[in-house]
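Pasting entry32.txt here (compact mmCIF, C-alpha atoms and all ligand atoms):
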# COMPACT_ATOMS: atom_id res chain seq x y z
CA MET W 26 0.00 0.00 0.00
CA GLN W 27 1.21 3.48 -0.89
CA LYS W 28 0.05 6.74 0.61
CA VAL W 29 0.03 9.91 -1.46
CA VAL W 30 -0.88 13.22 0.15
CA LEU W 31 -2.76 15.74 -1.95
CA ILE W 32 -3.24 19.27 -0.73
CA ARG W 33 -4.88 22.36 -2.15
CA HIS W 34 -3.00 25.61 -1.47
CA GLY W 35 -4.02 27.80 1.48
CA GLU W 36 -6.52 30.62 1.03
CA SER W 37 -5.29 33.14 -1.54
CA ILE W 38 -6.01 36.86 -1.67
CA TRP W 39 -8.39 36.29 -4.55
CA ASN W 40 -10.13 33.40 -2.77
CA LEU W 41 -10.76 35.97 -0.05
CA GLU W 42 -11.96 38.55 -2.59
CA ASN W 43 -14.08 35.89 -4.34
CA ARG W 44 -12.45 36.43 -7.72
CA PHE W 45 -11.81 33.94 -10.56
CA THR W 46 -8.09 33.22 -10.31
CA GLY W 47 -6.91 30.52 -12.72
CA TRP W 48 -3.29 31.17 -13.75
CA THR W 49 -3.14 34.62 -12.10
CA ASP W 50 -0.19 34.42 -9.71
CA VAL W 51 -1.83 35.84 -6.57
CA ASP W 52 -0.25 35.36 -3.19
CA LEU W 53 -1.60 33.60 -0.12
CA SER W 54 -3.63 35.70 2.29
CA GLU W 55 -2.31 35.93 5.86
CA GLU W 56 -4.86 33.29 6.85
CA GLY W 57 -3.75 31.15 3.86
CA ALA W 58 -0.16 31.19 5.12
CA ARG W 59 -1.35 30.24 8.62
CA GLN W 60 -3.42 27.41 7.13
CA ALA W 61 -0.32 26.08 5.35
CA TYR W 62 1.73 26.06 8.55
CA ARG W 63 -1.14 24.34 10.36
CA ALA W 64 -1.29 21.68 7.63
CA GLY W 65 2.42 21.06 8.16
CA GLN W 66 1.89 20.74 11.92
CA LEU W 67 -0.93 18.27 11.35
CA LEU W 68 1.23 16.13 9.08
CA LYS W 69 3.99 16.28 11.68
CA LYS W 70 1.60 15.23 14.45
CA HIS W 71 0.69 12.16 12.36
CA ASP W 72 4.36 11.37 11.68
CA TYR W 73 4.23 11.94 7.93
CA ASN W 74 7.43 12.31 6.00
CA PHE W 75 8.09 12.71 2.29
CA ASP W 76 10.77 11.94 -0.28
CA ALA W 77 9.47 14.11 -3.11
CA GLY W 78 7.15 17.07 -3.57
CA PHE W 79 5.28 18.30 -6.62
CA THR W 80 3.59 21.63 -7.14
CA SER W 81 2.53 24.15 -9.76
CA MET W 82 4.29 27.26 -11.05
CA LEU W 83 2.03 29.52 -9.00
CA LYS W 84 3.19 31.04 -5.73
CA ARG W 85 0.10 30.20 -3.69
CA SER W 86 0.89 26.50 -4.12
CA ILE W 87 4.67 26.84 -4.06
CA LYS W 88 4.51 28.72 -0.75
CA THR W 89 1.95 26.37 0.77
CA LEU W 90 4.20 23.40 0.07
CA HIS W 91 7.23 25.30 1.31
CA TYR W 92 5.53 26.18 4.63
CA ILE W 93 4.38 22.58 5.06
CA LEU W 94 7.89 21.28 4.43
CA GLU W 95 9.30 23.90 6.79
CA GLU W 96 7.06 22.62 9.60
CA LEU W 97 8.20 19.07 8.85
CA ASP W 98 11.85 20.17 8.72
CA HIS W 99 11.80 18.76 5.21
CA LEU W 100 12.92 21.74 3.15
CA TRP W 101 15.64 19.55 1.67
CA ILE W 102 13.39 17.21 -0.34
CA PRO W 103 13.34 17.71 -4.12
CA VAL W 104 10.33 19.70 -5.27
CA THR W 105 9.29 19.63 -8.91
CA LYS W 106 7.26 22.57 -10.18
CA SER W 107 5.21 22.22 -13.31
CA TRP W 108 2.67 24.34 -15.17
CA ARG W 109 0.79 21.06 -15.64
CA LEU W 110 -0.33 21.26 -11.99
CA ASN W 111 -1.46 24.88 -12.37
CA GLU W 112 -5.05 25.83 -11.64
CA ARG W 113 -7.49 25.50 -14.54
CA TYR W 114 -6.96 28.44 -16.87
CA TYR W 115 -10.12 30.54 -16.46
CA GLY W 116 -9.69 32.66 -19.63
CA ALA W 117 -11.37 36.07 -19.65
CA LEU W 118 -13.08 35.36 -16.31
CA GLN W 119 -9.75 35.73 -14.52
CA GLY W 120 -9.91 38.71 -12.18
CA MET W 121 -13.71 38.95 -12.21
CA ASN W 122 -15.62 38.82 -8.92
CA LYS W 123 -17.79 35.67 -8.89
CA ASP W 124 -20.89 37.47 -7.55
CA GLU W 125 -20.54 40.16 -10.22
CA ALA W 126 -20.25 37.40 -12.83
CA ILE W 127 -23.51 35.89 -11.49
CA ALA W 128 -25.22 39.31 -11.68
CA GLN W 129 -24.01 39.74 -15.26
CA TYR W 130 -24.37 36.25 -16.73
CA GLY W 131 -26.78 34.43 -14.36
CA ILE W 132 -26.17 31.73 -11.79
CA ASP W 133 -26.68 28.80 -14.18
CA GLN W 134 -24.06 30.01 -16.66
CA VAL W 135 -21.55 30.80 -13.92
CA HIS W 136 -22.11 27.38 -12.34
CA LYS W 137 -21.50 25.74 -15.73
CA TRP W 138 -18.27 27.70 -16.20
CA ARG W 139 -17.15 26.67 -12.75
CA ARG W 140 -18.19 23.02 -12.57
CA ASP W 141 -19.23 21.61 -15.96
CA THR W 142 -16.49 19.33 -17.32
CA ASN W 143 -16.90 20.52 -20.91
CA GLU W 144 -17.99 24.16 -20.70
CA HIS W 145 -15.39 26.73 -21.80
CA PRO W 146 -15.08 30.07 -20.00
CA PRO W 147 -14.76 33.01 -22.45
CA VAL W 148 -11.35 33.11 -24.17
CA VAL W 149 -8.62 35.71 -23.79
CA THR W 150 -7.01 37.08 -26.93
CA LYS W 151 -3.26 36.87 -27.44
CA ASP W 152 -2.84 40.61 -26.89
CA ASP W 153 -4.49 40.36 -23.46
CA ASP W 154 -2.05 40.79 -20.55
CA ARG W 155 -3.57 37.64 -19.04
CA TYR W 156 -2.44 35.52 -22.03
CA PRO W 157 0.17 33.09 -20.61
CA GLY W 158 2.32 33.53 -23.73
CA LYS W 159 3.25 36.94 -22.28
CA ASP W 160 4.56 35.41 -19.05
CA LEU W 161 8.27 34.56 -18.89
CA ARG W 162 7.71 31.45 -16.81
CA TYR W 163 5.83 29.77 -19.67
CA ARG W 164 8.33 30.60 -22.38
CA LEU W 165 9.26 26.96 -22.94
CA LEU W 166 5.66 25.94 -23.66
CA THR W 167 4.53 25.41 -27.24
CA GLU W 168 1.77 27.60 -28.61
CA ARG W 169 -0.60 24.61 -28.46
CA GLU W 170 0.10 24.22 -24.75
CA LEU W 171 -0.63 27.88 -23.97
CA PRO W 172 -4.34 28.11 -23.13
CA LEU W 173 -6.77 30.86 -24.14
CA THR W 174 -9.37 29.17 -21.95
CA GLU W 175 -9.71 25.72 -20.44
CA ASN W 176 -12.50 23.39 -19.38
CA LEU W 177 -11.92 20.60 -16.83
CA SER W 178 -11.49 18.03 -19.56
CA GLU W 179 -8.60 20.05 -21.04
CA THR W 180 -7.12 20.51 -17.58
CA MET W 181 -7.14 16.70 -17.31
CA ASP W 182 -5.37 16.48 -20.68
CA ARG W 183 -2.35 18.35 -19.27
CA VAL W 184 -2.45 17.12 -15.63
CA LEU W 185 -2.65 13.40 -16.42
CA PRO W 186 0.55 13.07 -18.49
CA PHE W 187 2.39 14.68 -15.56
CA TRP W 188 0.78 12.24 -13.13
CA ASN W 189 1.40 9.16 -15.29
CA GLU W 190 4.85 9.99 -16.62
CA ILE W 191 6.45 11.98 -13.81
CA ILE W 192 4.71 11.27 -10.48
CA VAL W 193 3.71 7.61 -10.89
CA PRO W 194 7.28 6.39 -11.56
CA VAL W 195 8.39 8.12 -8.35
CA ILE W 196 5.59 6.43 -6.37
CA ARG W 197 6.58 3.10 -7.93
CA GLN W 198 10.09 3.59 -6.49
CA ASN W 199 8.37 3.55 -3.08
CA GLN W 200 8.99 7.24 -2.57
CA LYS W 201 6.54 9.11 -0.37
CA VAL W 202 4.96 11.86 -2.38
CA VAL W 203 3.15 15.09 -1.52
CA ILE W 204 1.33 17.03 -4.25
CA CYS W 205 0.34 20.63 -3.56
CA ALA W 206 -1.90 22.03 -6.28
CA HIS W 207 -5.21 23.78 -6.92
CA GLY W 208 -8.95 23.16 -6.59
CA ASN W 209 -9.47 22.30 -10.24
CA SER W 210 -6.13 20.66 -11.07
CA LEU W 211 -6.77 18.33 -8.10
CA ARG W 212 -10.36 17.75 -9.24
CA ALA W 213 -8.95 16.79 -12.66
CA LEU W 214 -6.55 14.30 -11.07
CA ILE W 215 -9.21 12.80 -8.77
CA LYS W 216 -11.73 12.49 -11.60
CA TYR W 217 -9.20 10.22 -13.29
CA MET W 218 -7.95 8.35 -10.20
CA ASP W 219 -11.43 7.64 -8.84
CA ASN W 220 -13.10 7.35 -12.24
CA LEU W 221 -15.70 9.96 -11.31
CA THR W 222 -18.51 10.86 -13.68
CA ASP W 223 -18.95 14.45 -14.83
CA GLU W 224 -21.82 14.78 -12.33
CA GLN W 225 -19.75 13.39 -9.44
CA VAL W 226 -16.79 15.67 -10.08
CA ALA W 227 -19.12 18.69 -10.31
CA ASP W 228 -20.00 18.10 -6.64
CA LEU W 229 -16.41 17.66 -5.48
CA GLU W 230 -15.23 20.68 -3.49
CA ILE W 231 -11.74 20.53 -2.00
CA PRO W 232 -11.00 22.60 1.13
CA THR W 233 -7.88 24.78 1.24
CA ALA W 234 -4.71 23.50 2.96
CA THR W 235 -6.24 20.29 4.29
CA PRO W 236 -4.03 17.20 3.84
CA TRP W 237 -5.97 14.64 1.83
CA VAL W 238 -4.50 11.14 2.11
CA TYR W 239 -4.94 8.69 -0.76
CA GLU W 240 -4.17 5.05 0.02
CA LEU W 241 -3.35 3.21 -3.20
CA ASP W 242 -2.93 -0.51 -3.92
CA GLU W 243 -0.09 -1.97 -5.98
CA GLY W 244 -1.88 -1.08 -9.22
CA LEU W 245 -2.25 2.47 -7.81
CA ASN W 246 -6.02 2.03 -7.52
CA THR W 247 -7.63 3.96 -4.68
CA ILE W 248 -8.27 1.83 -1.58
CA ARG W 249 -9.63 4.73 0.44
CA HIS W 250 -9.08 8.41 1.01
CA TYR W 251 -9.59 10.74 3.95
CA TYR W 252 -8.74 14.19 5.22
CA LEU W 253 -6.28 14.34 8.12
CA GLU W 254 -7.69 15.78 11.33
O1 LIG Z 1 -10.92 30.91 -9.20
C1 LIG Z 1 -10.34 29.83 -9.38
O2 LIG Z 1 -9.30 29.70 -10.05
C2 LIG Z 1 -10.95 28.57 -8.75
C3 LIG Z 1 -10.26 28.14 -7.48
O3 LIG Z 1 -10.28 29.09 -6.48
O4 LIG Z 1 -12.29 28.85 -8.49
P1 LIG Z 1 -13.53 27.87 -8.64
O5 LIG Z 1 -13.67 27.14 -7.34
O6 LIG Z 1 -14.66 28.82 -8.90
O7 LIG Z 1 -13.29 26.94 -9.81
Using structure tokens, write down the structure that the file contains.
Ligand SMILES: O=C(O)[C@@H](CO)OP(=O)(O)O
Amino acid sequence: MQKVVLIRHGESIWNLENRFTGWTDVDLSEEGARQAYRAGQLLKKHDYNFDAGFTSMLKRSIKTLHYILEELDHLWIPVTKSWRLNERYYGALQGMNKDEAIAQYGIDQVHKWRRDTNEHPPVVTKDDDRYPGKDLRYRLLTERELPLTENLSETMDRVLPFWNEIIVPVIRQNQKVVICAHGNSLRALIKYMDNLTDEQVADLEIPTATPWVYELDEGLNTIRHYYLE
């Protein structure tokens, strides 16, 4: 049996302001940083230790993992950062307040944008400052990889190769792995791991900075999962 710990970043400033975030690189709120340290303390209390960490290229996740590893006195483990674990790219919704979006577009449309597996948020154009092609950190990505918008299915298309080709081989070497990512990149991973239907994944809400333990069998099928308390 293998245990993998998944964790969504702590509360960000835009979580607090209720704004669509996606690939916008907003920082943790003060409470978000405290949540991350508390998650580290919880893992320590339960005697968790890790050999390898994985996170996105966004500071709210990078810092959350860093604070957790600091609490565990584990800052020395290798941490791999990849855009493939980034939050779902929310296109032209990024920056918009979610209540204002509901007032403008209606609750049903906003719910579809947020939780339907196949619905695309409105696109950004390539001259928009929010286009990832303008961001230095993504300069090695191909044009096809740079999103203008993304639904959950497309998020799965970029998360799953990273899981299968990069993380799974590390787990198979019996390394203990922690993955710190985002609400929707984790939903994409769990949809695949637990074979969830579109309806089931629409109801899956992942709390911030709460260690989520996945126990996997030899074939890396889920035996059970639970949040640490
Ligand atoms: O704004 C976002 O990027 C995500 C995560 O905070 O929001 P939602 O839960 O609406 O998909």
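Each residue with an atom within 8 Å of any atom of ligand LIG 1 (chain Z) appears in the list, which was built counting only C-alpha atoms and all ligand atoms: Trp39, Asn40, Asn43, Arg44, Phe45, Thr46, Gly47, Trp48, Glu112, Arg113, Tyr114, Tyr115, Gln119, Lys123, Arg139, Arg140, His207, Gly208, Asn209 and Glu230 of chain W.
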**Q.** Spatial neighbours of Ser210 of chain W, max dist 8 Å, all atoms listed in the file, sep filter under 3 positions, as a list in words
**A.** Leu110, Asn111, Glu112, Arg113, Thr180, Met181, Val184, Ala206, His207, Ala213 and Leu214 of chain W
Q | Among the residues W:Lys88, W:His99, W:Lys70, W:Arg212, the one that comes closest to Thr142 of chain W [using only C-alpha atoms] | A | W:Arg212
Q. Which residue out of W:Ile93, W:Ala58, W:Val135, W:Ala64 has the minimum interatomic distance to Leu253 of chain W when all atoms listed in the file are used?
A. W:Ala64
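Nearest residue to Val104 of chain W, choosing from W:Glu125, W:Asp242, W:Asp160, W:Asp76 and counting all atoms listed in the file: W:Asp76.
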Q: Just the residues within 6 Å of His34 of chain W, please, counting all atoms listed in the file, with nothing from its chain fewer than 2 positions along; format it as a VMD selection string.
A: chain W and resid 85 to 86 89 233 to 234
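Using all atoms listed in the file, the smallest distance between any of W:Ala61, W:Leu67, W:Leu171, W:Ala77 and Ile192 of chain W comes from W:Ala77.
With all atoms listed in the file as the basis for measurement, W:Glu240 is the residue among W:Glu170, W:Glu55, W:Asp133, W:Glu240 that approaches Val202 of chain W most closely.
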To test the calculation: enclose all listed atoms of segment 117-132 of chain W in a box whose edges run along x, y and z, add 3 Å on each side, then state centre and edge lengths in Å to one decimal, as JSON.
{"center_x": -18.3, "center_y": 35.9, "center_z": -13.6, "size_x": 23.0, "size_y": 14.4, "size_z": 18.1}
Q.
As an exercise, work out the distance from atom CA of Trp188 of chain W to atom CA of Ser37 of chain W in Å and give it to one decimal place.
A. 24.7 Å
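Minimum distance to Tyr251 of chain W across W:Met26, W:Leu31, W:Leu177, W:Val51 (counting all atoms listed in the file) occurs at W:Leu31.
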**Q.** Atom-to-atom span, atom CA of Glu190 of chain W and atom CA of Pro236 of chain W, Å
**A.** 23.4 Å
Please fill the gaps in segment 190-202 of chain W so it has N, CA and C atoms, and write that as an mmCIF file, keeping the file's coordinate frame.
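result.cif was written with the following content:
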data_model
loop_
_atom_site.group_PDB
_atom_site.id
_atom_site.type_symbol
_atom_site.label_atom_id
_atom_site.label_comp_id
_atom_site.auth_asym_id
_atom_site.auth_seq_id
_atom_site.Cartn_x
_atom_site.Cartn_y
_atom_site.Cartn_z
ATOM 1 N N GLU W 190 3.463 10.102 -16.152
ATOM 2 C CA GLU W 190 4.850 9.990 -16.620
ATOM 3 C C GLU W 190 5.869 10.494 -15.617
ATOM 4 N N ILE W 191 5.475 11.399 -14.741
ATOM 5 C CA ILE W 191 6.450 11.980 -13.810
ATOM 6 C C ILE W 191 6.205 11.520 -12.371
ATOM 7 N N ILE W 192 4.965 11.588 -11.901
ATOM 8 C CA ILE W 192 4.710 11.270 -10.480
ATOM 9 C C ILE W 192 4.617 9.761 -10.250
ATOM 10 N N VAL W 193 3.887 9.062 -11.102
ATOM 11 C CA VAL W 193 3.710 7.610 -10.890
ATOM 12 C C VAL W 193 5.045 6.862 -10.809
ATOM 13 N N PRO W 194 6.005 7.115 -11.698
ATOM 14 C CA PRO W 194 7.280 6.390 -11.560
ATOM 15 C C PRO W 194 7.962 6.633 -10.215
ATOM 16 N N VAL W 195 7.794 7.816 -9.657
ATOM 17 C CA VAL W 195 8.390 8.120 -8.350
ATOM 18 C C VAL W 195 7.668 7.318 -7.254
ATOM 19 N N ILE W 196 6.356 7.235 -7.353
ATOM 20 C CA ILE W 196 5.590 6.430 -6.370
ATOM 21 C C ILE W 196 5.999 4.958 -6.486
ATOM 22 N N ARG W 197 6.208 4.513 -7.711
ATOM 23 C CA ARG W 197 6.580 3.100 -7.930
ATOM 24 C C ARG W 197 7.972 2.774 -7.359
ATOM 25 N N GLN W 198 8.783 3.807 -7.159
ATOM 26 C CA GLN W 198 10.090 3.590 -6.490
ATOM 27 C C GLN W 198 9.934 3.613 -4.977
ATOM 28 N N ASN W 199 8.686 3.535 -4.518
ATOM 29 C CA ASN W 199 8.370 3.550 -3.080
ATOM 30 C C ASN W 199 8.690 4.872 -2.400
ATOM 31 N N GLN W 200 8.777 5.936 -3.189
ATOM 32 C CA GLN W 200 8.990 7.240 -2.570
ATOM 33 C C GLN W 200 7.651 7.781 -2.057
ATOM 34 N N LYS W 201 7.745 8.503 -0.951
ATOM 35 C CA LYS W 201 6.540 9.110 -0.370
ATOM 36 C C LYS W 201 6.355 10.497 -0.975
ATOM 37 N N VAL W 202 5.180 10.689 -1.545
ATOM 38 C CA VAL W 202 4.960 11.860 -2.380
ATOM 39 C C VAL W 202 3.896 12.783 -1.787
#
